[in-house]
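Q: This structure is in structure tokens; I'll ask about it shortly.
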Amino acid sequence: VALVLRERSGVEVEGPFARAERAQALTSGADVVLIATTSFLADIAPDIREALEGGSNVLTSAEEAAFPWAVDESLADELDELARAHTLTVLGAGVNPGLAFDGLVLALSGAAPNLEYVRVERVVDLSGFGSTVLSRIGVGYTPEEFAQGVERGSITGHIGFPQSMRIVAARVGKTLAAIEREIEPQFLSADAKAGGSMIAAGRSGGFIQRYRGVVDGRVWFDADFTGHIDLAAMEIEPRDEVWIQGSNPLHMTISPGFNAQRSSAAAIANSIQRVIDAPPGWLTVAELPPAAPWE
Ligand SMILES: NC(=O)c1ccc[n+]([C@@H]2O[C@H](COP(=O)([O-])OP(=O)(O)OC[C@H]3O[C@@H](n4cnc5c(N)ncnc54)[C@H](OP(=O)(O)O)[C@@H]3O)[C@@H](O)[C@H]2O)c1
């Protein structure tokens, strides 16, 4: 994100800051503080609090921050109130969540008379992620380790689908009664490289995740995510596809799909200006104009 922004005139970038520079990062009083550390609301809440108290708007890539009320309503409300009290904005942005399963669905649905059913499929090359993200999402495990990790909650798969579904549902006035999920590991048939190390054949190289959002007793939103460090071995290409069913069905394909690193960095860099211009409070991407590479 810093590299993208440093190419722009009129933007001054401080950082990136390491762990030891926490105070400098959060209390600089910059127009926007970007938090790109972990995926979890509870972990970034103290940082958000401090940045707001330091007078900065907050932008974060943490997936749970895209719709924090899906995780912890009272913490989300508390930080929303704090942002309003300081006339500042908090936004969770990125591609997934932030665009592929929510912003894009809403943009497309703008040309649909009604939205009876949504389906989004995403196929992502995971090989560019670092070791922390890879081990948390489920890459590098034996079948037994993978099953145990999912059961214990240490393996999460990709995070953010409930957030995307809640963003879309809230915007179109639907109430999700339940969100069902399943995750199916994909094991490597040959050694493959990711996160700076080799992962041996027989260990997990990725997974297929399926989320189903239920409204009025039937599936209203299907979200399918295939992530793998060696898509070529699976004989599939990265892509993003959205289907909207209703009286005017629509289907959009993004090929070769949003790149997990480059597209996410751009989506976050391009969100700086809309966060500065936004009304106060904790907002979602549904409440703001699309991100764009402004000069
Ligand atoms: N919404 C989206 O579309 C989207 C897109 C991309 C990424 N993300 C999420 O954004 C987060 C960052 O992504 P990434 O790929 O850059 O992850 P990463 O490779 O794990 O890098 C995270 C960096 O943050 C540092 N860090 C972690 N906790 C910290 C803390 N409490 N204080 C200061 N620094 C801390 C880490 O330092 P150490 O090396 O010392 O641990 C590391 O340098 C991840 O949770 C990822 O899932 C979301």
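Each chain of the structure tokens is named A, B, ... in the order shown, its residues numbered from 1; ligands are numbered from 1 in display order.
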To check your reading of the model: which residues sit at most 7 Å from ligand 1 when counting only C-alpha atoms and all ligand atoms? Write the answer as a ChimeraX atom specification.
A: /A:18-19,22,36-39,61-63,93-98,129-133,260-261,264
Q: Taking 3 positions as the minimum chain separation for residues in the same chain, which residues sit within 12 Å of range 71-76 of chain A when counting only C-alpha atoms? Answer as a PDB file with C-alpha atoms, in the first residue's frame.
A:
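What landed in around21.pdb:
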ATOM      1  CA  SER A  39      -7.624 -10.327  10.442  1.00  0.00           C
ATOM      2  CA  PHE A  40      -9.333 -10.098  13.808  1.00  0.00           C
ATOM      3  CA  LEU A  41     -11.397  -7.286  15.325  1.00  0.00           C
ATOM      4  CA  ALA A  42     -10.370  -8.038  18.916  1.00  0.00           C
ATOM      5  CA  ASP A  43      -6.677  -7.772  17.989  1.00  0.00           C
ATOM      6  CA  ILE A  44      -6.945  -4.427  16.220  1.00  0.00           C
ATOM      7  CA  ALA A  45      -9.532  -2.776  18.517  1.00  0.00           C
ATOM      8  CA  PRO A  46      -6.896  -1.228  20.865  1.00  0.00           C
ATOM      9  CA  ILE A  48      -8.184   1.612  16.342  1.00  0.00           C
ATOM     10  CA  ARG A  49      -9.016   3.233  19.689  1.00  0.00           C
ATOM     11  CA  GLU A  63     -11.312  -8.927   7.276  1.00  0.00           C
ATOM     12  CA  GLU A  64     -13.511  -8.846  10.379  1.00  0.00           C
ATOM     13  CA  ALA A  65     -13.497  -5.032  10.228  1.00  0.00           C
ATOM     14  CA  ALA A  66     -15.434  -5.002   6.940  1.00  0.00           C
ATOM     15  CA  PHE A  67     -18.617  -5.553   9.002  1.00  0.00           C
ATOM     16  CA  PRO A  68     -17.532  -5.672  12.660  1.00  0.00           C
ATOM     17  CA  LEU A  79     -15.702   2.099  18.344  1.00  0.00           C
ATOM     18  CA  ASP A  80     -18.399   3.512  16.051  1.00  0.00           C
ATOM     19  CA  GLU A  81     -19.399   5.932  18.840  1.00  0.00           C
ATOM     20  CA  LEU A  82     -15.772   6.834  19.526  1.00  0.00           C
ATOM     21  CA  ALA A  83     -15.243   7.622  15.825  1.00  0.00           C
ATOM     22  CA  VAL A  90     -13.250   3.805  10.398  1.00  0.00           C
ATOM     23  CA  LEU A  91     -13.419   1.537   7.341  1.00  0.00           C
ATOM     24  CA  GLY A  92     -12.483  -2.099   6.714  1.00  0.00           C
ATOM     25  CA  ILE A 159     -11.963 -14.931   6.603  1.00  0.00           C
ATOM     26  CA  GLY A 160     -14.614 -12.375   5.680  1.00  0.00           C
ATOM     27  CA  PHE A 161     -17.531 -14.140   3.965  1.00  0.00           C
ATOM     28  CA  PRO A 162     -20.075 -13.475   6.749  1.00  0.00           C
ATOM     29  CA  GLN A 163     -18.921  -9.838   6.636  1.00  0.00           C
ATOM     30  CA  ARG A 166     -23.951  -8.948   5.921  1.00  0.00           C
ATOM     31  CA  GLY A 281     -18.524   6.651  12.268  1.00  0.00           C
ATOM     32  CA  TRP A 282     -17.602   3.053  11.443  1.00  0.00           C
ATOM     33  CA  LEU A 283     -18.769   2.645   7.840  1.00  0.00           C
ATOM     34  CA  THR A 284     -18.874  -0.239   5.387  1.00  0.00           C
TER      35      THR A 284
END
Q: Assign secondary structure with DSSP using the backbone only, and return the residues of range 42-270 of chain A in helix (DSSP H, G or I) as a PyMOL selection string.
A: chain A and resi 42-53+63-66+68-70+73-85+103-109+131-137+143-152+161-172+231-234+262-269
Q: For those residues, write C-alpha atoms to a file as a PDB file, in the first residue's frame.
A:
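Wrote selection-v3.pdb, looks like this:
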ATOM      1  CA  ALA A  42     -10.370  -8.038  18.916  1.00  0.00           C
ATOM      2  CA  ASP A  43      -6.677  -7.772  17.989  1.00  0.00           C
ATOM      3  CA  ILE A  44      -6.945  -4.427  16.220  1.00  0.00           C
ATOM      4  CA  ALA A  45      -9.532  -2.776  18.517  1.00  0.00           C
ATOM      5  CA  PRO A  46      -6.896  -1.228  20.865  1.00  0.00           C
ATOM      6  CA  ASP A  47      -4.992   0.106  17.813  1.00  0.00           C
ATOM      7  CA  ILE A  48      -8.184   1.612  16.342  1.00  0.00           C
ATOM      8  CA  ARG A  49      -9.016   3.233  19.689  1.00  0.00           C
ATOM      9  CA  GLU A  50      -5.555   4.763  19.965  1.00  0.00           C
ATOM     10  CA  ALA A  51      -5.481   6.017  16.363  1.00  0.00           C
ATOM     11  CA  LEU A  52      -8.914   7.663  16.766  1.00  0.00           C
ATOM     12  CA  GLU A  53      -7.834   9.257  20.037  1.00  0.00           C
ATOM     13  CA  GLU A  63     -11.312  -8.927   7.276  1.00  0.00           C
ATOM     14  CA  GLU A  64     -13.511  -8.846  10.379  1.00  0.00           C
ATOM     15  CA  ALA A  65     -13.497  -5.032  10.228  1.00  0.00           C
ATOM     16  CA  ALA A  66     -15.434  -5.002   6.940  1.00  0.00           C
ATOM     17  CA  PRO A  68     -17.532  -5.672  12.660  1.00  0.00           C
ATOM     18  CA  TRP A  69     -21.091  -6.136  13.967  1.00  0.00           C
ATOM     19  CA  ALA A  70     -20.944  -9.719  12.599  1.00  0.00           C
ATOM     20  CA  GLU A  73     -21.766  -5.929  18.255  1.00  0.00           C
ATOM     21  CA  SER A  74     -20.921  -4.075  21.465  1.00  0.00           C
ATOM     22  CA  LEU A  75     -17.247  -3.544  20.533  1.00  0.00           C
ATOM     23  CA  ALA A  76     -18.296  -2.390  17.049  1.00  0.00           C
ATOM     24  CA  ASP A  77     -20.839   0.030  18.556  1.00  0.00           C
ATOM     25  CA  GLU A  78     -18.287   1.347  21.062  1.00  0.00           C
ATOM     26  CA  LEU A  79     -15.702   2.099  18.344  1.00  0.00           C
ATOM     27  CA  ASP A  80     -18.399   3.512  16.051  1.00  0.00           C
ATOM     28  CA  GLU A  81     -19.399   5.932  18.840  1.00  0.00           C
ATOM     29  CA  LEU A  82     -15.772   6.834  19.526  1.00  0.00           C
ATOM     30  CA  ALA A  83     -15.243   7.622  15.825  1.00  0.00           C
ATOM     31  CA  ARG A  84     -18.391   9.806  15.785  1.00  0.00           C
ATOM     32  CA  ALA A  85     -17.307  11.597  18.962  1.00  0.00           C
ATOM     33  CA  GLY A 103     -18.952  -4.021  -3.377  1.00  0.00           C
ATOM     34  CA  LEU A 104     -19.019  -5.677  -6.789  1.00  0.00           C
ATOM     35  CA  VAL A 105     -22.256  -7.538  -6.027  1.00  0.00           C
ATOM     36  CA  LEU A 106     -23.874  -4.251  -5.003  1.00  0.00           C
ATOM     37  CA  ALA A 107     -22.558  -2.389  -8.069  1.00  0.00           C
ATOM     38  CA  LEU A 108     -23.948  -5.096 -10.370  1.00  0.00           C
ATOM     39  CA  SER A 109     -27.248  -5.276  -8.491  1.00  0.00           C
ATOM     40  CA  SER A 131       3.765 -17.826   6.329  1.00  0.00           C
ATOM     41  CA  THR A 132       1.536 -16.331   9.094  1.00  0.00           C
ATOM     42  CA  VAL A 133      -1.486 -15.952   6.813  1.00  0.00           C
ATOM     43  CA  LEU A 134      -0.862 -19.322   5.094  1.00  0.00           C
ATOM     44  CA  SER A 135      -0.762 -21.313   8.313  1.00  0.00           C
ATOM     45  CA  ARG A 136      -3.828 -19.520   9.690  1.00  0.00           C
ATOM     46  CA  ILE A 137      -5.901 -20.133   6.544  1.00  0.00           C
ATOM     47  CA  PRO A 143      -5.098 -34.424   6.789  1.00  0.00           C
ATOM     48  CA  GLU A 144      -5.232 -35.054  10.574  1.00  0.00           C
ATOM     49  CA  GLU A 145      -3.694 -31.678  11.456  1.00  0.00           C
ATOM     50  CA  PHE A 146      -6.098 -29.905   9.107  1.00  0.00           C
ATOM     51  CA  ALA A 147      -9.183 -31.581  10.636  1.00  0.00           C
ATOM     52  CA  GLN A 148      -7.976 -30.831  14.181  1.00  0.00           C
ATOM     53  CA  GLY A 149      -7.096 -27.223  13.308  1.00  0.00           C
ATOM     54  CA  VAL A 150     -10.553 -26.569  11.856  1.00  0.00           C
ATOM     55  CA  GLU A 151     -12.180 -28.118  14.917  1.00  0.00           C
ATOM     56  CA  ARG A 152     -10.057 -26.056  17.343  1.00  0.00           C
ATOM     57  CA  PHE A 161     -17.531 -14.140   3.965  1.00  0.00           C
ATOM     58  CA  PRO A 162     -20.075 -13.475   6.749  1.00  0.00           C
ATOM     59  CA  GLN A 163     -18.921  -9.838   6.636  1.00  0.00           C
ATOM     60  CA  SER A 164     -19.478  -9.593   2.853  1.00  0.00           C
ATOM     61  CA  MET A 165     -22.890 -11.244   3.090  1.00  0.00           C
ATOM     62  CA  ARG A 166     -23.951  -8.948   5.921  1.00  0.00           C
ATOM     63  CA  ILE A 167     -22.752  -5.871   3.966  1.00  0.00           C
ATOM     64  CA  VAL A 168     -24.865  -6.849   0.937  1.00  0.00           C
ATOM     65  CA  ALA A 169     -27.893  -7.943   2.985  1.00  0.00           C
ATOM     66  CA  ALA A 170     -27.898  -4.725   5.037  1.00  0.00           C
ATOM     67  CA  ARG A 171     -27.699  -2.605   1.882  1.00  0.00           C
ATOM     68  CA  VAL A 172     -30.629  -4.333   0.158  1.00  0.00           C
ATOM     69  CA  LEU A 231      -3.533 -23.660  -9.094  1.00  0.00           C
ATOM     70  CA  ALA A 232      -1.779 -24.985 -12.191  1.00  0.00           C
ATOM     71  CA  ALA A 233      -1.621 -28.433 -10.564  1.00  0.00           C
ATOM     72  CA  MET A 234      -5.388 -28.204  -9.947  1.00  0.00           C
ATOM     73  CA  ARG A 262      -1.617  -6.376  -5.831  1.00  0.00           C
ATOM     74  CA  SER A 263      -5.386  -5.869  -6.101  1.00  0.00           C
ATOM     75  CA  SER A 264      -5.820  -5.771  -2.319  1.00  0.00           C
ATOM     76  CA  ALA A 265      -3.007  -3.236  -1.909  1.00  0.00           C
ATOM     77  CA  ALA A 266      -4.570  -1.067  -4.633  1.00  0.00           C
ATOM     78  CA  ALA A 267      -8.077  -1.367  -3.167  1.00  0.00           C
ATOM     79  CA  ILE A 268      -6.755  -0.213   0.210  1.00  0.00           C
ATOM     80  CA  ALA A 269      -4.549   2.555  -1.211  1.00  0.00           C
TER      81      ALA A 269
END
Q: Let me make sure I understand: among A:Ile208, A:Leu88, A:Ala278, A:Met198, which one has the smallest atom-to-atom distance to Ile183 in chain A if we use only C-alpha atoms?
A: A:Ile208
Q: So how far away is CA of Val285 in chain A from CA of Val32 in chain A, in Å?
A: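 Computing the Euclidean distance for CA of Val32 in chain A and CA of Val285 in chain A yields 16.3 Å.
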